[in-house]
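Undergrad: Sharing my_file-v4.cif below, mmCIF, C-alpha atoms:
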data_upload
loop_
_atom_site.label_atom_id
_atom_site.label_comp_id
_atom_site.auth_asym_id
_atom_site.auth_seq_id
_atom_site.Cartn_x
_atom_site.Cartn_y
_atom_site.Cartn_z
CA MET A 1 131.66 172.62 -52.24
CA LYS A 2 132.54 176.29 -52.03
CA ILE A 3 134.37 177.24 -55.24
CA ALA A 4 136.02 180.50 -56.32
CA ILE A 5 136.64 181.43 -59.95
CA LEU A 6 139.42 183.98 -60.54
CA GLY A 7 141.44 185.43 -63.41
CA THR A 8 138.65 186.52 -65.73
CA ARG A 9 136.98 189.88 -66.22
CA GLY A 10 133.93 188.40 -64.50
CA VAL A 11 130.32 187.48 -65.18
CA PRO A 12 127.93 188.06 -66.77
CA ALA A 13 130.20 187.37 -69.73
CA ARG A 14 130.73 190.51 -71.79
CA TYR A 15 134.15 190.05 -73.27
CA GLY A 16 135.50 186.71 -74.45
CA GLY A 17 136.06 183.01 -74.06
CA PHE A 18 137.36 182.95 -70.48
CA GLU A 19 134.36 184.92 -69.29
CA THR A 20 131.91 182.75 -71.20
CA CYS A 21 133.57 179.63 -69.82
CA ALA A 22 133.51 181.04 -66.25
CA GLU A 23 129.82 181.91 -66.59
CA GLU A 24 128.77 178.57 -68.05
CA LEU A 25 130.91 176.60 -65.59
CA GLY A 26 129.62 178.70 -62.68
CA LYS A 27 125.97 178.18 -63.65
CA ARG A 28 126.46 174.44 -64.03
CA LEU A 29 128.28 174.10 -60.71
CA VAL A 30 125.47 176.07 -58.99
CA ALA A 31 122.91 173.75 -60.61
CA ARG A 32 124.78 170.82 -59.02
CA GLY A 33 124.46 172.40 -55.59
CA HIS A 34 127.85 174.09 -55.20
CA ASP A 35 128.41 177.60 -53.83
CA VAL A 36 130.23 179.49 -56.58
CA TYR A 37 131.94 182.87 -56.27
CA VAL A 38 133.33 184.73 -59.27
CA TYR A 39 135.81 187.56 -58.83
CA CYS A 40 134.93 190.37 -61.23
CA ARG A 41 137.00 193.34 -62.38
CA TYR A 42 135.40 196.38 -60.82
CA GLY A 43 135.95 198.68 -63.80
CA TYR A 44 134.23 196.35 -66.28
CA TYR A 45 130.82 196.53 -64.62
CA ARG A 46 128.76 199.68 -64.13
CA GLU A 47 125.99 197.70 -62.50
CA ARG A 48 127.58 195.56 -59.81
CA LEU A 49 125.09 192.79 -59.14
CA PRO A 50 125.63 190.83 -55.93
CA GLU A 51 124.62 187.63 -57.72
CA TYR A 52 124.03 186.37 -61.24
CA GLU A 53 122.27 183.08 -62.09
CA GLY A 54 123.03 181.84 -58.57
CA ILE A 55 126.73 182.79 -58.81
CA LYS A 56 127.89 185.17 -56.08
CA LEU A 57 129.91 188.06 -57.48
CA ILE A 58 132.85 189.77 -55.78
CA TYR A 59 134.18 192.99 -57.34
CA VAL A 60 137.87 193.79 -56.97
CA ARG A 61 139.83 196.72 -58.35
CA GLY A 62 143.14 196.18 -60.10
CA ILE A 63 145.63 198.35 -61.97
CA GLU A 64 143.73 199.07 -65.16
CA LYS A 65 146.73 199.18 -67.52
CA LYS A 66 147.08 196.71 -70.41
CA VAL A 67 149.90 194.52 -69.09
CA LEU A 68 149.08 194.98 -65.39
CA ASP A 69 145.30 194.53 -65.49
CA THR A 70 145.15 190.73 -65.37
CA PRO A 71 147.95 190.03 -62.88
CA SER A 72 147.01 192.87 -60.49
CA HIS A 73 143.34 191.90 -60.45
CA THR A 74 144.14 188.23 -59.98
CA LEU A 75 146.67 189.00 -57.23
CA LEU A 76 144.19 191.10 -55.25
CA SER A 77 141.42 188.57 -55.85
CA LEU A 78 143.74 185.79 -54.72
CA PHE A 79 144.59 187.63 -51.48
CA HIS A 80 140.85 187.88 -50.77
CA ALA A 81 140.22 184.27 -51.74
CA LEU A 82 143.03 182.93 -49.56
CA LYS A 83 141.40 184.55 -46.51
CA SER A 84 138.14 182.75 -47.35
CA THR A 85 137.15 179.14 -46.85
CA TYR A 86 136.96 177.96 -50.45
CA ASP A 87 137.33 174.25 -51.08
CA ALA A 88 138.80 174.86 -54.53
CA LEU A 89 140.07 177.68 -56.70
CA ILE A 90 139.54 177.70 -60.44
CA ILE A 91 142.02 180.15 -61.91
CA PHE A 92 141.94 181.26 -65.52
CA ASN A 93 145.01 182.18 -67.58
CA ALA A 94 148.46 180.64 -67.37
CA ALA A 95 149.83 184.20 -67.18
CA ASN A 96 148.88 184.00 -63.51
CA GLY A 97 151.38 181.18 -62.94
CA PRO A 98 153.70 183.02 -60.52
CA LEU A 99 150.72 183.89 -58.31
CA LEU A 100 149.94 180.20 -57.78
CA LEU A 101 152.79 179.86 -55.30
CA TRP A 102 150.71 181.26 -52.41
CA PRO A 103 147.74 178.89 -52.70
CA LYS A 104 150.16 176.00 -53.29
CA ILE A 105 152.04 176.79 -50.06
CA LEU A 106 148.73 177.06 -48.18
CA GLY A 107 147.58 173.70 -49.54
CA LYS A 108 144.65 175.07 -51.55
CA LYS A 109 143.24 172.96 -54.36
CA MET A 110 143.77 174.72 -57.69
CA ILE A 111 142.62 174.06 -61.20
CA VAL A 112 143.99 176.34 -63.92
CA ASN A 113 142.24 176.91 -67.22
CA VAL A 114 145.08 177.72 -69.61
CA ASP A 115 144.88 179.78 -72.77
CA GLY A 116 146.92 179.90 -75.94
CA LEU A 117 150.64 180.19 -76.46
CA GLU A 118 150.90 183.90 -75.64
CA TRP A 119 154.68 183.91 -75.90
CA GLU A 120 154.35 183.25 -79.65
CA ARG A 121 152.13 186.25 -80.38
CA GLU A 122 153.72 188.98 -82.49
CA LYS A 123 152.19 191.81 -80.45
CA TRP A 124 154.40 191.15 -77.40
CA ASN A 125 157.99 192.25 -76.95
CA ILE A 126 160.68 189.78 -75.88
CA GLY A 127 160.27 190.61 -72.16
CA VAL A 128 156.53 189.95 -72.16
CA LYS A 129 157.04 186.77 -74.22
CA LEU A 130 159.59 185.51 -71.70
CA TYR A 131 157.21 186.28 -68.84
CA TYR A 132 154.35 184.38 -70.51
CA ARG A 133 156.51 181.35 -71.21
CA THR A 134 157.86 181.26 -67.64
CA ALA A 135 154.38 181.78 -66.17
CA ALA A 136 152.98 178.89 -68.22
CA TRP A 137 155.83 176.64 -67.09
CA LEU A 138 155.19 177.58 -63.43
CA THR A 139 151.50 176.82 -63.93
CA THR A 140 152.34 173.24 -64.94
CA ILE A 141 154.33 172.81 -61.73
CA LEU A 142 152.07 174.54 -59.20
CA ALA A 143 148.51 173.67 -60.26
CA GLN A 144 146.96 170.34 -59.32
CA ALA A 145 145.13 170.19 -62.64
CA LEU A 146 145.17 171.96 -65.99
CA VAL A 147 142.09 172.50 -68.13
CA ALA A 148 141.97 173.53 -71.77
CA ASP A 149 138.64 174.79 -73.06
CA SER A 150 139.44 173.94 -76.68
CA ARG A 151 140.81 170.84 -78.40
CA ALA A 152 143.45 172.96 -80.17
CA ILE A 153 144.92 174.20 -76.88
CA GLN A 154 144.68 170.73 -75.36
CA SER A 155 146.81 169.35 -78.20
CA LEU A 156 149.53 171.93 -77.45
CA SER A 157 150.27 170.48 -74.02
CA LEU A 158 152.00 173.04 -71.82
CA ILE A 159 153.98 170.27 -70.18
CA HIS A 160 156.30 170.28 -73.20
CA ILE A 161 157.36 173.92 -72.76
#
Please go through the file and, once you have read it, give me the structure as structure tokens.

TA:
Amino acid sequence: MKIAILGTRGVPARYGGFETCAEELGKRLVARGHDVYVYCRYGYYRERLPEYEGIKLIYVRGIEKKVLDTPSHTLLSLFHALKSTYDALIIFNAANGPLLLWPKILGKKMIVNVDGLEWEREKWNIGVKLYYRTAAWLTTILAQALVADSRAIQSLSLIHI
């Protein structure tokens, strides 16, 4: 299969859990004979390798502002991915929920790796919290499958939002 991984900062993992998960998942899928492509945030990598551990890397620029970084990078990566012939998209972060409409309409297979309950974090204002909650709800409707990379998140099923 030809699989794209989107919604992280990229690999090699240099930041956090999503990136580590994307790297480990990518390496394991490659070891099983799949073609894996990871979309990387251009500004996070000085050295832009074409490939890492058998994973093909695609660098995309986004709007490098705190709230806009993730959705803009994922949106631009998604536009690129939808023009490609991937068999499946693995998208990280339920904050990308509204963007899932396009692959859903085009009949693309999507798996979304969700994160925590962002709308409950104190650091966000009411508008951002509302966005996160709505995005997570949309994710449960639009994705074919949801993945939690921790037992704690799995127990907080997003279906009950």

Undergrad: Would you translate the PyMOL selection byres ((chain A and resi 105-116) around 6) into the concrete set of residues it matches in this file, as a list of chain:residue names?

TA: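 When the PyMOL selection byres ((chain A and resi 105-116) around 6) is applied, the selected residues are A:Ala88, A:Leu89, A:Ile90, A:Ile91, A:Phe92, A:Asn93, A:Ala94, A:Trp102, A:Pro103, A:Lys104, A:Leu117, A:Glu118, A:Ala143, A:Gln144, A:Ala145, A:Leu146, A:Val147, A:Ala148.
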
Undergrad: CA of Ile5 (chain A) and CA of Tyr39 (chain A), how far apart in Å?

TA: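 Distance between the two atoms: 6.3 Å.
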
Undergrad: For a cut-off of 12 Å around (146.9, 191.2, -66.0), file coordinates, pick out all residues using only C-alpha atoms and list them as JSON, numbers by chain.

TA: {"A": [6, 7, 8, 9, 41, 61, 62, 63, 64, 65, 66, 67, 68, 69, 70, 71, 72, 73, 74, 75, 76, 77, 92, 93, 94, 95, 96, 97, 98, 99, 128, 131, 132]}

Undergrad: Could you state the separation of CA of Gly43 (chain A) and CA of Arg14 (chain A) in Å, given to one decimal place?

TA: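 Going from CA of Gly43 (chain A) over to CA of Arg14 (chain A) covers 12.6 Å.
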
Undergrad: CA of His34 (chain A) and CA of Met1 (chain A) are how many Å apart?

TA: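 Calculated distance between CA of His34 (chain A) and CA of Met1 (chain A) is 5.0 Å.
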
Undergrad: Compare A:Lys129, A:Arg151, A:Lys83, A:Arg121 by their minimum atom-to-atom distance to Ala4 (chain A), counting all atoms listed in the file, and give me the closest one.

TA: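 Smallest distance to Ala4 (chain A) is found for A:Lys83.
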
Undergrad: Set the distance at 10 Å and use only C-alpha atoms: which residues neighbour Ser84 (chain A) once local chain neighbours fewer than 5 positions away are removed? I'd like the list as a list in words.

TA: Lys2, Ala4, Leu78 and Phe79 of chain A

Undergrad: Which residues fall under the PyMOL selection byres ((chain A and resi 58) around 7) in this file, as a count of residues only?

TA: 8

Undergrad: Considering all atoms listed in the file, return as a PyMOL selection string whatever protein or nucleic-acid residues lie within 9 Å of region 23-29 of chain A, sequence-local ones (same chain, fewer than 5 positions apart) excluded.

TA: chain A and resi 3+5+10-13+18+34-38+52-55

Undergrad: Edge lengths and centre in Å to one decimal, as lines of an AutoDock Vina configuration file, is what I'm after for the box along x, y and z that holds all listed atoms of region 61-78 of chain A once 5 Å is added on each side.

TA:
center_x = 144.9
center_y = 192.5
center_z = -62.6
size_x = 20.1
size_y = 23.4
size_z = 25.7
